[in-house]
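Heads up: the structure comes next, in structure tokens.
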Amino acid sequence: MIKGKVVSKTEFLRDGLWSKEQYEGLLVSADQSTGLYNIGVQLSENDVLVVDQAKADNIRERIQGWAPQINDIQRKHSVDINQGNYSD
């Protein structure tokens, strides 16, 4: 995954397992081929902005760093944050 690229949700989740974190709008995908976790902000039902990658030993720290920025990122990409969680 390339940081800063908008990809489809299917592509974001394609290479590994994923889990929705406790922060609405933030997705994490474990890329089994690289051993890294991809972190993305969901922009729509089908679009995810790749914002970061992390190793297992610092994934929690990275997630906590991105969580406060979710709404700002979504606003910059014209996402209606009142629509609710897209991953349901």
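Identifiers in this document derive from the order of the structure tokens: chains are assigned A, B, ..., residues are numbered from 1 separately in each chain, and ligands are numbered from 1 in order of occurrence.
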*Fewer than 2 positions away in the same chain doesn't count, so skip those; otherwise give me all residues within 10 Å of Gln42 of chain A, counting only C-alpha atoms, as a PyMOL selection string.*
chain A and resi 6-9+24-27+39-40+44-50+70+73-74+79+85-87
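With only C-alpha atoms as the atoms that count, the residue of A:Val28, A:Leu36, A:Met1, A:Leu13 with the shortest distance to Ala56 of chain A is A:Leu36.
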*Could you jot down the atom CA of Pro68 of chain A to atom CA of Phe12 of chain A separation for me, Å, one decimal place?*
21.2 Å
_A:Gln53, A:Gln69, A:Ile59, A:Gly4 ranked by distance to Thr34 of chain A, top pick (using only C-alpha atoms)_ = A:Gln53
_If I take atom CA of Tyr23 of chain A and atom CA of Tyr37 of chain A, how far is one from the other in Å, to one decimal?_
16.0 Å
_Those of segment 7-86 of chain A in DSSP strand (DSSP E or B), formatted as a PyMOL selection string_ = chain A and resi 7-8+16-20+26-31+36-42+47-54
Selection from above, N, CA and C atoms, as a PDB file, in the first residue's frame, can you write it?
ATOM      1  N   VAL A   7      -7.684   4.007  -2.123  1.00  0.00           N
ATOM      2  CA  VAL A   7      -7.898   2.697  -2.721  1.00  0.00           C
ATOM      3  C   VAL A   7      -9.301   2.223  -2.380  1.00  0.00           C
ATOM      4  N   SER A   8      -9.752   1.224  -3.104  1.00  0.00           N
ATOM      5  CA  SER A   8     -11.059   0.640  -2.774  1.00  0.00           C
ATOM      6  C   SER A   8     -10.934  -0.125  -1.458  1.00  0.00           C
ATOM      7  N   GLY A  16      -4.884  -9.345   3.456  1.00  0.00           N
ATOM      8  CA  GLY A  16      -4.766  -9.869   4.806  1.00  0.00           C
ATOM      9  C   GLY A  16      -6.043  -9.812   5.597  1.00  0.00           C
ATOM     10  N   LEU A  17      -5.886 -10.098   6.827  1.00  0.00           N
ATOM     11  CA  LEU A  17      -6.988 -10.027   7.773  1.00  0.00           C
ATOM     12  C   LEU A  17      -7.200  -8.558   8.123  1.00  0.00           C
ATOM     13  N   TRP A  18      -8.369  -8.235   8.577  1.00  0.00           N
ATOM     14  CA  TRP A  18      -8.594  -6.853   8.974  1.00  0.00           C
ATOM     15  C   TRP A  18      -9.447  -6.803  10.210  1.00  0.00           C
ATOM     16  N   SER A  19      -9.372  -5.677  10.853  1.00  0.00           N
ATOM     17  CA  SER A  19     -10.249  -5.449  11.982  1.00  0.00           C
ATOM     18  C   SER A  19     -10.578  -3.976  12.043  1.00  0.00           C
ATOM     19  N   LYS A  20     -11.782  -3.686  12.398  1.00  0.00           N
ATOM     20  CA  LYS A  20     -12.170  -2.298  12.621  1.00  0.00           C
ATOM     21  C   LYS A  20     -11.767  -1.970  14.046  1.00  0.00           C
ATOM     22  N   LEU A  26     -11.622   4.428  11.115  1.00  0.00           N
ATOM     23  CA  LEU A  26     -10.228   4.001  11.002  1.00  0.00           C
ATOM     24  C   LEU A  26     -10.187   2.493  10.796  1.00  0.00           C
ATOM     25  N   LEU A  27      -9.559   2.054   9.706  1.00  0.00           N
ATOM     26  CA  LEU A  27      -9.457   0.633   9.394  1.00  0.00           C
ATOM     27  C   LEU A  27      -8.005   0.188   9.478  1.00  0.00           C
ATOM     28  N   VAL A  28      -7.824  -1.039   9.897  1.00  0.00           N
ATOM     29  CA  VAL A  28      -6.487  -1.627   9.959  1.00  0.00           C
ATOM     30  C   VAL A  28      -6.521  -2.951   9.218  1.00  0.00           C
ATOM     31  N   SER A  29      -5.554  -3.148   8.346  1.00  0.00           N
ATOM     32  CA  SER A  29      -5.448  -4.385   7.585  1.00  0.00           C
ATOM     33  C   SER A  29      -4.069  -4.966   7.811  1.00  0.00           C
ATOM     34  N   ALA A  30      -4.021  -6.198   8.260  1.00  0.00           N
ATOM     35  CA  ALA A  30      -2.745  -6.875   8.458  1.00  0.00           C
ATOM     36  C   ALA A  30      -2.312  -7.481   7.131  1.00  0.00           C
ATOM     37  N   ASP A  31      -1.250  -6.953   6.552  1.00  0.00           N
ATOM     38  CA  ASP A  31      -0.748  -7.439   5.267  1.00  0.00           C
ATOM     39  C   ASP A  31       0.194  -8.601   5.525  1.00  0.00           C
ATOM     40  N   LEU A  36       3.387  -6.131   7.777  1.00  0.00           N
ATOM     41  CA  LEU A  36       3.040  -4.816   8.290  1.00  0.00           C
ATOM     42  C   LEU A  36       1.527  -4.669   8.396  1.00  0.00           C
ATOM     43  N   TYR A  37       1.120  -3.705   9.181  1.00  0.00           N
ATOM     44  CA  TYR A  37      -0.286  -3.340   9.283  1.00  0.00           C
ATOM     45  C   TYR A  37      -0.498  -2.060   8.495  1.00  0.00           C
ATOM     46  N   ASN A  38      -1.478  -2.057   7.608  1.00  0.00           N
ATOM     47  CA  ASN A  38      -1.862  -0.854   6.882  1.00  0.00           C
ATOM     48  C   ASN A  38      -2.953  -0.154   7.679  1.00  0.00           C
ATOM     49  N   ILE A  39      -2.838   1.157   7.789  1.00  0.00           N
ATOM     50  CA  ILE A  39      -3.821   1.961   8.510  1.00  0.00           C
ATOM     51  C   ILE A  39      -4.482   2.878   7.501  1.00  0.00           C
ATOM     52  N   GLY A  40      -5.809   2.886   7.497  1.00  0.00           N
ATOM     53  CA  GLY A  40      -6.535   3.708   6.541  1.00  0.00           C
ATOM     54  C   GLY A  40      -7.717   4.413   7.169  1.00  0.00           C
ATOM     55  N   VAL A  41      -8.086   5.532   6.575  1.00  0.00           N
ATOM     56  CA  VAL A  41      -9.267   6.277   6.989  1.00  0.00           C
ATOM     57  C   VAL A  41     -10.332   6.062   5.918  1.00  0.00           C
ATOM     58  N   GLN A  42     -11.488   5.609   6.345  1.00  0.00           N
ATOM     59  CA  GLN A  42     -12.562   5.316   5.409  1.00  0.00           C
ATOM     60  C   GLN A  42     -13.223   6.620   4.976  1.00  0.00           C
ATOM     61  N   ASP A  47     -14.287   3.586  -0.407  1.00  0.00           N
ATOM     62  CA  ASP A  47     -12.978   4.215  -0.551  1.00  0.00           C
ATOM     63  C   ASP A  47     -12.267   4.379   0.788  1.00  0.00           C
ATOM     64  N   VAL A  48     -10.963   4.064   0.766  1.00  0.00           N
ATOM     65  CA  VAL A  48     -10.132   4.166   1.963  1.00  0.00           C
ATOM     66  C   VAL A  48      -8.863   4.928   1.596  1.00  0.00           C
ATOM     67  N   LEU A  49      -8.495   5.910   2.405  1.00  0.00           N
ATOM     68  CA  LEU A  49      -7.247   6.628   2.236  1.00  0.00           C
ATOM     69  C   LEU A  49      -6.193   5.942   3.096  1.00  0.00           C
ATOM     70  N   VAL A  50      -5.129   5.448   2.472  1.00  0.00           N
ATOM     71  CA  VAL A  50      -4.041   4.805   3.205  1.00  0.00           C
ATOM     72  C   VAL A  50      -3.219   5.912   3.868  1.00  0.00           C
ATOM     73  N   VAL A  51      -3.129   5.883   5.195  1.00  0.00           N
ATOM     74  CA  VAL A  51      -2.423   6.955   5.902  1.00  0.00           C
ATOM     75  C   VAL A  51      -1.114   6.519   6.532  1.00  0.00           C
ATOM     76  N   ASP A  52      -0.935   5.216   6.784  1.00  0.00           N
ATOM     77  CA  ASP A  52       0.272   4.803   7.498  1.00  0.00           C
ATOM     78  C   ASP A  52       0.444   3.295   7.417  1.00  0.00           C
ATOM     79  N   GLN A  53       1.628   2.859   7.800  1.00  0.00           N
ATOM     80  CA  GLN A  53       1.918   1.440   7.995  1.00  0.00           C
ATOM     81  C   GLN A  53       2.655   1.318   9.317  1.00  0.00           C
ATOM     82  N   ALA A  54       2.515   0.164   9.952  1.00  0.00           N
ATOM     83  CA  ALA A  54       3.161  -0.034  11.236  1.00  0.00           C
ATOM     84  C   ALA A  54       3.521  -1.501  11.427  1.00  0.00           C
TER      85      ALA A  54
END
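In terms of minimum interatomic distance to Leu43 of chain A, A:His77 ranks closest within A:Lys5, A:Glu61, A:His77, A:Arg14, counting only C-alpha atoms.
For the pair atom CA of Lys76 of chain A and atom CA of Lys55 of chain A, the separation is 27.2 Å.
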